[in-house]
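**Student:** Just my_file_39.pdb, nothing more (PDB, C-alpha atoms):
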```pdb
ATOM      1  CA  MET D   1       0.000   0.000   0.000
ATOM      2  CA  SER D   2       1.503   3.310  -1.167
ATOM      3  CA  LYS D   3       0.422   6.787  -0.094
ATOM      4  CA  GLU D   4       1.456   8.048  -3.501
ATOM      5  CA  THR D   5      -0.774   5.470  -5.224
ATOM      6  CA  GLU D   6      -3.671   6.349  -2.900
ATOM      7  CA  LEU D   7      -3.385  10.034  -3.817
ATOM      8  CA  LYS D   8      -3.249   9.088  -7.494
ATOM      9  CA  ILE D   9      -6.475   7.050  -7.125
ATOM     10  CA  ILE D  10      -8.183   9.989  -5.394
ATOM     11  CA  ALA D  11      -7.092  12.391  -8.144
ATOM     12  CA  ARG D  12      -8.286  10.011 -10.839
ATOM     13  CA  LEU D  13     -11.647   9.501  -9.129
ATOM     14  CA  GLN D  14     -12.184  13.260  -8.972
ATOM     15  CA  THR D  15     -11.167  13.693 -12.619
ATOM     16  CA  LEU D  16     -13.424  10.873 -13.812
ATOM     17  CA  ALA D  17     -16.330  12.204 -11.712
ATOM     18  CA  LYS D  18     -16.044  15.571 -13.492
ATOM     19  CA  LYS D  19     -15.897  13.836 -16.858
ATOM     20  CA  LEU D  20     -18.984  11.670 -16.166
ATOM     21  CA  GLY D  21     -20.913  14.231 -14.155
ATOM     22  CA  LYS D  22     -21.447  11.732 -11.354
ATOM     23  CA  THR D  23     -19.624   9.435  -8.963
ATOM     24  CA  PRO D  24     -17.997   6.771 -11.144
ATOM     25  CA  THR D  25     -18.729   3.138 -10.464
ATOM     26  CA  ARG D  26     -15.883   0.738  -9.734
ATOM     27  CA  ARG D  27     -16.350  -0.714 -13.191
ATOM     28  CA  GLU D  28     -16.078   2.707 -14.846
ATOM     29  CA  TYR D  29     -12.885   3.458 -12.923
ATOM     30  CA  ILE D  30     -11.263   0.148 -13.897
ATOM     31  CA  THR D  31     -12.247   0.613 -17.540
ATOM     32  CA  GLU D  32     -10.569   4.028 -17.557
ATOM     33  CA  TYR D  33      -7.467   3.376 -15.441
ATOM     34  CA  GLY D  34      -7.158  -0.359 -14.699
ATOM     35  CA  ASN D  35      -7.551  -2.118 -11.348
ATOM     36  CA  PRO D  36      -5.326  -0.839  -8.504
ATOM     37  CA  GLU D  37      -6.614  -3.523  -6.077
ATOM     38  CA  PHE D  38      -8.935  -1.296  -4.026
ATOM     39  CA  LYS D  39      -9.001  -3.842  -1.206
ATOM     40  CA  ASN D  40      -5.504  -2.647  -0.292
ATOM     41  CA  TYR D  41      -6.936   0.814   0.361
ATOM     42  CA  GLY D  42     -10.005  -0.118   2.366
ATOM     43  CA  GLY D  43     -12.235  -0.885  -0.629
ATOM     44  CA  TYR D  44     -13.632   1.148  -3.495
ATOM     45  CA  ASN D  45     -16.274   3.009  -1.472
ATOM     46  CA  ALA D  46     -13.650   4.060   1.078
ATOM     47  CA  MET D  47     -11.663   5.680  -1.726
ATOM     48  CA  VAL D  48     -14.815   7.361  -3.060
ATOM     49  CA  ILE D  49     -15.426   8.918   0.370
ATOM     50  CA  LYS D  50     -11.770  10.063   0.653
ATOM     51  CA  SER D  51     -12.193  11.712  -2.755
ATOM     52  CA  GLY D  52     -15.063  13.804  -1.393
ATOM     53  CA  LEU D  53     -17.594  12.079  -3.633
ATOM     54  CA  ILE D  54     -20.999  10.614  -2.765
ATOM     55  CA  VAL D  55     -21.166   6.826  -2.472
ATOM     56  CA  ASN D  56     -23.677   5.173  -4.798
ATOM     57  CA  HIS D  57     -27.003   5.054  -2.899
ATOM     58  CA  HIS D  58     -27.595   1.503  -4.146
ATOM     59  CA  VAL D  59     -24.919   0.359  -1.701
ATOM     60  CA  MET D  60     -27.434   0.819   1.114
ATOM     61  CA  LEU D  61     -29.944  -1.613  -0.432
ATOM     62  CA  THR D  62     -30.384  -5.103   1.005
ATOM     63  CA  ASP D  63     -30.046  -8.131  -1.290
ATOM     64  CA  GLU D  64     -33.832  -8.539  -1.252
ATOM     65  CA  GLU D  65     -34.384  -4.895  -2.214
ATOM     66  CA  ILE D  66     -31.939  -5.252  -5.112
ATOM     67  CA  LYS D  67     -33.803  -8.332  -6.346
ATOM     68  CA  ASN D  68     -37.165  -6.558  -6.133
ATOM     69  CA  ARG D  69     -35.896  -3.577  -8.135
ATOM     70  CA  TYR D  70     -34.653  -5.837 -10.924
ATOM     71  CA  ILE D  71     -37.855  -7.896 -10.944
ATOM     72  CA  GLU D  72     -40.007  -4.760 -11.332
ATOM     73  CA  TYR D  73     -37.765  -3.430 -14.106
ATOM     74  CA  ILE D  74     -37.729  -6.759 -15.977
ATOM     75  CA  LYS D  75     -41.547  -6.993 -15.929
ATOM     76  CA  LEU D  76     -41.678  -3.793 -17.990
ATOM     77  CA  HIS D  77     -38.495  -3.867 -20.057
ATOM     78  CA  GLY D  78     -37.121  -7.407 -20.104
ATOM     79  CA  VAL D  79     -33.743  -8.540 -18.742
ATOM     80  CA  PRO D  80     -30.954  -5.994 -19.378
ATOM     81  CA  LYS D  81     -27.627  -7.260 -20.708
ATOM     82  CA  SER D  82     -24.700  -6.900 -18.298
ATOM     83  CA  ASN D  83     -23.279  -3.957 -20.286
ATOM     84  CA  GLU D  84     -26.665  -2.232 -20.694
ATOM     85  CA  ILE D  85     -27.854  -2.033 -17.072
ATOM     86  CA  PRO D  86     -29.572   1.372 -16.615
ATOM     87  CA  LYS D  87     -28.387   3.807 -13.938
ATOM     88  CA  SER D  88     -31.701   3.392 -12.114
ATOM     89  CA  LEU D  89     -30.626  -0.143 -11.143
ATOM     90  CA  PRO D  90     -27.734  -1.366  -8.960
ATOM     91  CA  SER D  91     -24.658  -1.728 -11.161
ATOM     92  CA  TYR D  92     -23.112  -4.852 -12.647
ATOM     93  CA  ASP D  93     -20.176  -4.551 -10.225
ATOM     94  CA  MET D  94     -22.487  -4.431  -7.229
ATOM     95  CA  ILE D  95     -24.403  -7.469  -8.482
ATOM     96  CA  CYS D  96     -21.171  -9.456  -8.880
ATOM     97  CA  THR D  97     -19.960  -8.340  -5.442
ATOM     98  CA  ARG D  98     -23.210  -9.357  -3.740
ATOM     99  CA  PHE D  99     -24.192 -12.439  -5.749
ATOM    100  CA  GLY D 100     -21.009 -13.775  -7.387
ATOM    101  CA  THR D 101     -21.960 -13.462 -11.064
ATOM    102  CA  TYR D 102     -24.691 -11.711 -13.032
ATOM    103  CA  LYS D 103     -26.001 -15.073 -14.252
ATOM    104  CA  ALA D 104     -26.189 -16.417 -10.689
ATOM    105  CA  PHE D 105     -28.111 -13.294  -9.678
ATOM    106  CA  LEU D 106     -30.576 -13.653 -12.563
ATOM    107  CA  LYS D 107     -31.123 -17.298 -11.648
ATOM    108  CA  SER D 108     -31.848 -16.283  -8.035
ATOM    109  CA  ILE D 109     -34.779 -14.155  -9.262
ATOM    110  CA  GLY D 110     -36.135 -16.818 -11.616
ATOM    111  CA  TYR D 111     -34.313 -16.095 -14.857
ATOM    112  CA  ASP D 112     -31.937 -18.328 -16.793
ATOM    113  CA  SER D 113     -29.394 -15.972 -18.343
ATOM    114  CA  TYR D 114     -31.515 -13.458 -20.321
ATOM    115  CA  ARG D 115     -34.648 -15.584 -20.343
ATOM    116  CA  LYS D 116     -37.013 -16.389 -17.519
ATOM    117  CA  GLU D 117     -37.282 -20.034 -16.607
ATOM    118  CA  TYR D 118     -40.877 -21.168 -17.205
ATOM    119  CA  THR D 119     -42.508 -24.505 -16.519
ATOM    120  CA  LYS D 120     -44.664 -26.032 -19.244
ATOM    121  CA  GLU D 121     -47.762 -25.302 -17.142
ATOM    122  CA  GLU D 122     -46.768 -21.633 -16.754
ATOM    123  CA  LEU D 123     -46.257 -21.278 -20.512
ATOM    124  CA  ILE D 124     -49.632 -22.845 -21.285
ATOM    125  CA  LYS D 125     -51.398 -20.520 -18.817
ATOM    126  CA  PHE D 126     -49.469 -17.500 -20.140
ATOM    127  CA  LEU D 127     -50.568 -18.267 -23.690
ATOM    128  CA  GLN D 128     -54.165 -19.039 -22.749
ATOM    129  CA  ASP D 129     -54.529 -15.826 -20.718
ATOM    130  CA  GLY D 130     -52.875 -13.727 -23.429
ATOM    131  CA  ILE D 131     -55.097 -15.087 -26.194
ATOM    132  CA  ASP D 132     -58.248 -14.861 -24.078
ATOM    133  CA  ASN D 133     -57.657 -11.216 -23.069
ATOM    134  CA  GLY D 134     -56.539 -10.185 -26.552
ATOM    135  CA  THR D 135     -52.907  -9.225 -25.804
ATOM    136  CA  ILE D 136     -51.632 -12.113 -27.948
ATOM    137  CA  LYS D 137     -53.155 -12.101 -31.424
ATOM    138  CA  SER D 138     -50.275 -13.789 -33.257
ATOM    139  CA  MET D 139     -46.831 -15.293 -32.604
ATOM    140  CA  PHE D 140     -45.288 -11.915 -33.426
ATOM    141  CA  ASP D 141     -46.779 -10.448 -30.236
ATOM    142  CA  LEU D 142     -44.209 -12.568 -28.363
ATOM    143  CA  ASN D 143     -41.489 -10.175 -29.583
ATOM    144  CA  ASN D 144     -42.230  -8.158 -26.427
ATOM    145  CA  PRO D 145     -38.925  -8.412 -24.449
ATOM    146  CA  ALA D 146     -40.827  -9.151 -21.231
ATOM    147  CA  TYR D 147     -42.553 -12.199 -22.802
ATOM    148  CA  PRO D 148     -41.285 -15.764 -23.275
ATOM    149  CA  THR D 149     -39.629 -16.204 -26.677
ATOM    150  CA  HIS D 150     -40.929 -18.468 -29.453
ATOM    151  CA  SER D 151     -38.064 -20.900 -28.859
ATOM    152  CA  CYS D 152     -39.030 -21.036 -25.183
ATOM    153  CA  PHE D 153     -42.371 -22.581 -26.190
ATOM    154  CA  TYR D 154     -40.841 -24.874 -28.829
ATOM    155  CA  GLU D 155     -38.215 -26.247 -26.416
ATOM    156  CA  SER D 156     -40.592 -26.681 -23.473
ATOM    157  CA  PHE D 157     -43.348 -28.300 -25.552
ATOM    158  CA  GLY D 158     -40.967 -30.383 -27.689
ATOM    159  CA  VAL D 159     -42.483 -29.119 -30.964
ATOM    160  CA  ARG D 160     -41.274 -27.151 -33.986
ATOM    161  CA  THR D 161     -44.273 -25.143 -35.191
ATOM    162  CA  TRP D 162     -46.531 -22.410 -33.795
ATOM    163  CA  LYS D 163     -49.569 -24.477 -34.800
ATOM    164  CA  GLU D 164     -48.426 -27.290 -32.485
ATOM    165  CA  VAL D 165     -47.862 -24.787 -29.657
ATOM    166  CA  LEU D 166     -51.431 -23.518 -29.994
ATOM    167  CA  SER D 167     -52.762 -27.073 -30.082
ATOM    168  CA  ILE D 168     -51.052 -27.907 -26.764
ATOM    169  CA  ALA D 169     -52.410 -24.682 -25.243
ATOM    170  CA  GLY D 170     -55.902 -25.598 -26.459
ATOM    171  CA  ARG D 171     -56.382 -22.310 -28.311
ATOM    172  CA  LYS D 172     -56.854 -21.165 -31.907
ATOM    173  CA  LEU D 173     -55.869 -17.921 -33.600
ATOM    174  CA  GLU D 174     -56.905 -16.552 -36.955
ATOM    175  CA  SER D 175     -53.829 -16.180 -39.129
ATOM    176  CA  THR D 176     -52.714 -12.564 -39.481
ATOM    177  CA  PHE D 177     -50.262 -13.417 -42.247
ATOM    178  CA  VAL D 178     -50.922 -11.594 -45.522
ATOM    179  CA  PRO D 179     -48.847 -12.868 -48.452
ATOM    180  CA  HIS D 180     -46.889 -10.366 -50.492
ATOM    181  CA  GLU D 181     -49.221  -8.845 -53.092
ATOM    182  CA  ASN D 182     -47.005 -10.070 -55.903
ATOM    183  CA  TYR D 183     -46.218 -13.405 -54.231
ATOM    184  CA  SER D 184     -45.703 -16.011 -56.913
ATOM    185  CA  PHE D 185     -42.147 -17.121 -56.195
ATOM    186  CA  THR D 186     -40.818 -20.604 -56.695
ATOM    187  CA  GLN D 187     -38.396 -22.072 -54.145
ATOM    188  CA  GLU D 188     -35.487 -21.300 -56.458
ATOM    189  CA  GLU D 189     -36.617 -17.692 -56.937
ATOM    190  CA  LEU D 190     -36.946 -17.181 -53.187
ATOM    191  CA  LYS D 191     -33.475 -18.592 -52.617
ATOM    192  CA  GLU D 192     -32.038 -16.305 -55.318
ATOM    193  CA  LYS D 193     -33.755 -13.270 -53.795
ATOM    194  CA  TYR D 194     -32.357 -14.136 -50.388
ATOM    195  CA  ILE D 195     -28.792 -14.618 -51.689
ATOM    196  CA  GLU D 196     -28.969 -11.355 -53.662
ATOM    197  CA  LEU D 197     -30.191  -9.473 -50.580
ATOM    198  CA  SER D 198     -27.448 -10.973 -48.393
ATOM    199  CA  GLU D 199     -24.774  -9.917 -50.908
ATOM    200  CA  LYS D 200     -26.293  -6.448 -51.268
ATOM    201  CA  LEU D 201     -26.172  -5.939 -47.480
ATOM    202  CA  GLY D 202     -22.636  -7.328 -47.225
ATOM    203  CA  LYS D 203     -23.812 -10.279 -45.139
ATOM    204  CA  VAL D 204     -22.181 -13.002 -47.200
ATOM    205  CA  LYS D 205     -21.227 -15.010 -44.102
ATOM    206  CA  THR D 206     -24.242 -14.695 -41.809
ATOM    207  CA  GLY D 207     -26.964 -14.127 -44.389
ATOM    208  CA  ALA D 208     -29.715 -11.495 -44.209
ATOM    209  CA  SER D 209     -31.699 -11.454 -40.964
ATOM    210  CA  ASN D 210     -35.465 -11.821 -40.606
ATOM    211  CA  ASN D 211     -35.709  -8.057 -40.152
ATOM    212  CA  ASP D 212     -33.670  -7.513 -43.335
ATOM    213  CA  VAL D 213     -36.131  -9.687 -45.263
ATOM    214  CA  ARG D 214     -39.121  -7.714 -43.967
ATOM    215  CA  LYS D 215     -37.481  -4.344 -44.615
ATOM    216  CA  HIS D 216     -36.007  -4.965 -48.064
ATOM    217  CA  LEU D 217     -38.147  -7.699 -49.627
ATOM    218  CA  GLY D 218     -41.488  -6.470 -48.307
ATOM    219  CA  PHE D 219     -42.711  -9.719 -46.764
ATOM    220  CA  THR D 220     -42.098 -11.738 -43.626
ATOM    221  CA  GLU D 221     -40.019 -14.895 -43.206
ATOM    222  CA  SER D 222     -43.342 -16.774 -43.214
ATOM    223  CA  VAL D 223     -43.153 -16.724 -47.023
ATOM    224  CA  PHE D 224     -40.088 -18.964 -46.803
ATOM    225  CA  PHE D 225     -41.829 -21.289 -44.358
ATOM    226  CA  ILE D 226     -44.831 -21.645 -46.671
ATOM    227  CA  ALA D 227     -42.581 -22.441 -49.630
ATOM    228  CA  PHE D 228     -40.025 -24.703 -47.927
ATOM    229  CA  LYS D 229     -41.855 -25.890 -44.777
ATOM    230  CA  LYS D 230     -38.754 -24.840 -42.835
ATOM    231  CA  ARG D 231     -37.836 -21.816 -40.782
ATOM    232  CA  LEU D 232     -35.491 -19.283 -42.362
ATOM    233  CA  THR D 233     -32.807 -20.030 -39.748
ATOM    234  CA  GLU D 234     -32.666 -23.652 -40.963
ATOM    235  CA  LEU D 235     -32.597 -22.566 -44.604
ATOM    236  CA  ARG D 236     -29.713 -20.156 -43.951
ATOM    237  CA  ARG D 237     -27.591 -23.023 -42.650
ATOM    238  CA  GLU D 238     -28.565 -25.267 -45.574
ATOM    239  CA  TRP D 239     -27.536 -22.512 -47.988
ATOM    240  CA  GLY D 240     -24.083 -22.238 -46.414
ATOM    241  CA  TYR D 241     -24.577 -19.280 -44.084
ATOM    242  CA  THR D 242     -23.591 -19.179 -40.428
ATOM    243  CA  PRO D 243     -26.225 -17.207 -38.476
ATOM    244  CA  ARG D 244     -24.825 -15.003 -35.721
ATOM    245  CA  ASP D 245     -26.763 -16.949 -33.133
ATOM    246  CA  ALA D 246     -24.875 -20.133 -34.006
ATOM    247  CA  LYS D 247     -23.045 -21.218 -30.891
ATOM    248  CA  LYS D 248     -19.283 -21.612 -31.002
ATOM    249  CA  VAL D 249     -17.858 -24.378 -28.845
ATOM    250  CA  TYR D 250     -14.916 -23.289 -26.677
ATOM    251  CA  THR D 251     -12.409 -25.458 -24.813
ATOM    252  CA  GLU D 252     -10.099 -24.546 -21.921
ATOM    253  CA  GLU D 253      -7.123 -24.639 -24.288
ATOM    254  CA  MET D 254      -8.769 -22.259 -26.767
ATOM    255  CA  ILE D 255      -9.633 -19.737 -24.040
ATOM    256  CA  LEU D 256      -6.170 -19.904 -22.452
ATOM    257  CA  ASN D 257      -4.500 -19.333 -25.840
ATOM    258  CA  ILE D 258      -6.656 -16.273 -26.508
ATOM    259  CA  LEU D 259      -5.932 -14.905 -23.027
ATOM    260  CA  LYS D 260      -2.180 -15.473 -23.483
ATOM    261  CA  SER D 261      -2.314 -13.547 -26.764
ATOM    262  CA  LYS D 262      -4.247 -10.685 -25.140
ATOM    263  CA  ILE D 263      -1.927 -10.530 -22.110
ATOM    264  CA  LYS D 264       1.011 -10.215 -24.484
ATOM    265  CA  GLU D 265      -0.821  -7.470 -26.395
ATOM    266  CA  TYR D 266      -1.876  -5.496 -23.277
ATOM    267  CA  GLY D 267       1.220  -6.223 -21.212
ATOM    268  CA  ARG D 268      -1.013  -7.271 -18.291
ATOM    269  CA  GLU D 269      -4.027  -9.348 -17.338
ATOM    270  CA  LEU D 270      -7.348  -8.191 -18.807
ATOM    271  CA  THR D 271     -10.011  -6.526 -16.680
ATOM    272  CA  LEU D 272     -13.479  -8.070 -16.511
ATOM    273  CA  ARG D 273     -14.805  -5.278 -18.751
ATOM    274  CA  GLU D 274     -12.113  -5.967 -21.347
ATOM    275  CA  ILE D 275     -12.901  -9.686 -21.280
ATOM    276  CA  ALA D 276     -16.635  -8.986 -21.656
ATOM    277  CA  SER D 277     -16.027  -6.734 -24.683
ATOM    278  CA  CYS D 278     -13.480  -9.041 -26.373
ATOM    279  CA  LYS D 279     -15.146 -10.581 -29.435
ATOM    280  CA  GLU D 280     -12.666 -13.466 -29.528
ATOM    281  CA  LEU D 281     -13.620 -14.684 -26.046
ATOM    282  CA  PRO D 282     -16.924 -16.218 -24.920
ATOM    283  CA  ALA D 283     -19.055 -14.541 -22.240
ATOM    284  CA  LEU D 284     -17.640 -14.444 -18.712
ATOM    285  CA  VAL D 285     -20.283 -16.877 -17.477
ATOM    286  CA  THR D 286     -19.186 -19.318 -20.182
ATOM    287  CA  ILE D 287     -15.540 -18.999 -19.121
ATOM    288  CA  TYR D 288     -16.523 -19.607 -15.491
ATOM    289  CA  ARG D 289     -18.595 -22.639 -16.494
ATOM    290  CA  ILE D 290     -15.835 -24.189 -18.612
ATOM    291  CA  PHE D 291     -13.207 -23.707 -15.887
ATOM    292  CA  LYS D 292     -15.673 -24.584 -13.094
ATOM    293  CA  THR D 293     -14.923 -21.429 -11.112
ATOM    294  CA  THR D 294     -16.400 -18.025 -10.242
ATOM    295  CA  SER D 295     -13.164 -16.033 -10.442
ATOM    296  CA  MET D 296     -10.808 -15.089 -13.280
ATOM    297  CA  LYS D 297      -7.909 -15.413 -10.841
ATOM    298  CA  ASP D 298      -8.320 -19.196 -11.016
ATOM    299  CA  VAL D 299      -8.238 -19.031 -14.814
ATOM    300  CA  TYR D 300      -5.112 -16.858 -14.875
ATOM    301  CA  LYS D 301      -3.366 -19.318 -12.527
ATOM    302  CA  LYS D 302      -3.606 -21.948 -15.278
ATOM    303  CA  ILE D 303      -1.700 -19.641 -17.623
ATOM    304  CA  LYS D 304       1.122 -19.186 -15.123
TER     305      LYS D 304
END
```
Re-express the file's structure as structure tokens.

**Tutor:**
Amino acid sequence: MSKETELKIIARLQTLAKKLGKTPTRREYITEYGNPEFKNYGGYNAMVIKSGLIVNHHVMLTDEEIKNRYIEYIKLHGVPKSNEIPKSLPSYDMICTRFGTYKAFLKSIGYDSYRKEYTKEELIKFLQDGIDNGTIKSMFDLNNPAYPTHSCFYESFGVRTWKEVLSIAGRKLESTFVPHENYSFTQEELKEKYIELSEKLGKVKTGASNNDVRKHLGFTESVFFIAFKKRLTELRREWGYTPRDAKKVYTEEMILNILKSKIKEYGRELTLREIASCKELPALVTIYRIFKTTSMKDVYKKIK
């Protein structure tokens, strides 16, 4: 512990506070200046107080109060990603300090990663209530971020089509799909249109998204399903594209090699923020799962 380093931290906190117009979070400080091991100086909040700044009021919340705030927010807006948590909620750093990891915290309030964990019975009731009260008129109404996703129903019910989902829920809906006014495409013509659109948008690897199809071709992906009896995601793979949602499988060796390369590039170990923003690495929760740990220190030990 160095008095000189302590004064430097205080000066940096004050400078960053002026830049941000508020007391910086621990994560914001580390992103800007790196991690000086605040525990050696009494902790981050102790340094904030010594800097003459106001400690984040969320620090005073109990674990239960933090959970309730997130639950209320999620009901209206869906689950925020770890790098998109609004200022009205306790920060990512605070969540990790209190609950270990963001994923563990989400699971403690009934969510699996960015999706709530539903039982089959809950999904059936959700769908029945939504259809009966008129809030769900088609499968596209499930695009609401606070609702279960389509895949959530498919996986839980063990089916592949919306029609089968409705059958299990014991409900019927009038189709809201309106074919394109000039719809008379053969399978080959549809495929050609899709490839042309993907090339035009520069998406030669991933292929055009569902939104791209709606925006530029003037009809929904349902046109492809009617013609091919397959979802567009399946067709993209068959046509040689790799959708962005395709999962890449990582091994310990792959992750360690990437980290070694990054340590050499940075001249030091990466901060959690840098790891989270690194496109070559998987999500932090994935790294923790693969290495069966809850701390990057354990991962870095394997490099040494």

**Student:** For the structure shown, which residues end up in the PyMOL selection byres ((chain D and resi 258) around 12)? Put them as number ranges by chain, please?

**Tutor:** D: 250-257, 259-265, 269-270, 275, 278-282, 287, 300, 303

**Student:** Can you spell out as a PyMOL selection string the set of residues that the PyMOL selection byres ((chain D and resi 92) around 8) selects in the structure I just provided?

**Tutor:** chain D and resi 27+82-83+85+90-91+93-96+102

**Student:** Go through D:Arg98, D:Lys125, D:Lys203, D:Lys193 and flag the residue nearest D:Ala169, using only C-alpha atoms for the distances.

**Tutor:**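 Between D:Arg98, D:Lys125, D:Lys203, D:Lys193, the residue approaching D:Ala169 most closely is D:Lys125.
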
**Student:** Using all atoms listed in the file, which protein or nucleic acid residues come within 10 Å of D:Arg231? Drop anything in the same chain fewer than 5 positions from it, and give the result as a ChimeraX atom specification.

**Tutor:** /D:160-161,221-226,236

**Student:** Generate a file of the selected residues that holds C-alpha atoms, formatted as a short mmCIF file (atom, residue, chain, number, x, y, z; two decimals), in the coordinates of the input.

**Tutor:**
```cif
data_model
loop_
_atom_site.label_atom_id
_atom_site.label_comp_id
_atom_site.auth_asym_id
_atom_site.auth_seq_id
_atom_site.Cartn_x
_atom_site.Cartn_y
_atom_site.Cartn_z
CA ARG D 160 -41.27 -27.15 -33.99
CA THR D 161 -44.27 -25.14 -35.19
CA GLU D 221 -40.02 -14.90 -43.21
CA SER D 222 -43.34 -16.77 -43.21
CA VAL D 223 -43.15 -16.72 -47.02
CA PHE D 224 -40.09 -18.96 -46.80
CA PHE D 225 -41.83 -21.29 -44.36
CA ILE D 226 -44.83 -21.64 -46.67
CA ARG D 236 -29.71 -20.16 -43.95
#
```

**Student:** Between atom CA of D:Gly100 and atom CA of D:Leu76, what distance in Å does the model show, to one decimal?

**Tutor:**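 Separation between atom CA of D:Gly100 and atom CA of D:Leu76: 25.3 Å.
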
**Student:** Tell me, in Å to one decimal, how far atom CA of D:Thr186 is from atom CA of D:Phe228.

**Tutor:**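 For atom CA of D:Thr186 relative to atom CA of D:Phe228, the distance reads 9.7 Å.
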
**Student:** What is the atom CA of D:Tyr118 to atom CA of D:Ile290 distance in Å?

**Tutor:**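 For atom CA of D:Tyr118 relative to atom CA of D:Ile290, the distance reads 25.3 Å.
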
**Student:** I'd like to know which of D:Met47, D:Ala227, D:Leu61, D:Leu166 is closest to D:Lys191, using only C-alpha atoms.

**Tutor:** D:Ala227

**Student:** I'd like the neighbourhood of D:Met139 as a VMD selection string, where a residue qualifies if any of its atoms comes within 9 Å (using all atoms listed in the file), though same-chain residues fewer than 3 positions away should be ignored.

**Tutor:** chain D and resid 136 142 to 143 150 162

**Student:** Please write the residues from the selection above to a file, keeping C-alpha atoms, as a compact mmCIF listing (two decimals), in the frame of the given file.

**Tutor:**
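Okay, this is what ended up in selection.txt:
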```txt
# COMPACT_ATOMS: atom_id res chain seq x y z
CA ILE D 136 -51.63 -12.11 -27.95
CA LEU D 142 -44.21 -12.57 -28.36
CA ASN D 143 -41.49 -10.18 -29.58
CA HIS D 150 -40.93 -18.47 -29.45
CA TRP D 162 -46.53 -22.41 -33.80
```

**Student:** What residues have an atom no more than 12 Å from (-42.8, -30.2, -24.3) in the file's own frame, counting all atoms listed in the file, and can you write them as a ChimeraX atom specification?

**Tutor:** /D:118-121,123-124,151-160,164-165,167-169

**Student:** Using all atoms listed in the file, which of D:Lys75, D:Arg237, D:Arg26, D:Lys50 sits nearest D:Pro148?

**Tutor:** D:Lys75

**Student:** Pull out every residue that the PyMOL selection byres ((chain D and resi 14) around 10) matches in the shown coordinates and put them as a ChimeraX atom specification.

**Tutor:** /D:8-13,15-19,22-24,48,51-53

**Student:** Could you write out as AutoDock Vina command-line options the box around stretch 91-108 of chain D (axis-aligned, all atoms listed in the file, 8 Å on each side), with centre and edge lengths in Å to one decimal?

**Tutor:**
```
--center_x -25.9 --center_y -9.5 --center_z -9.0 --size_x 27.9 --size_y 31.6 --size_z 26.5
```
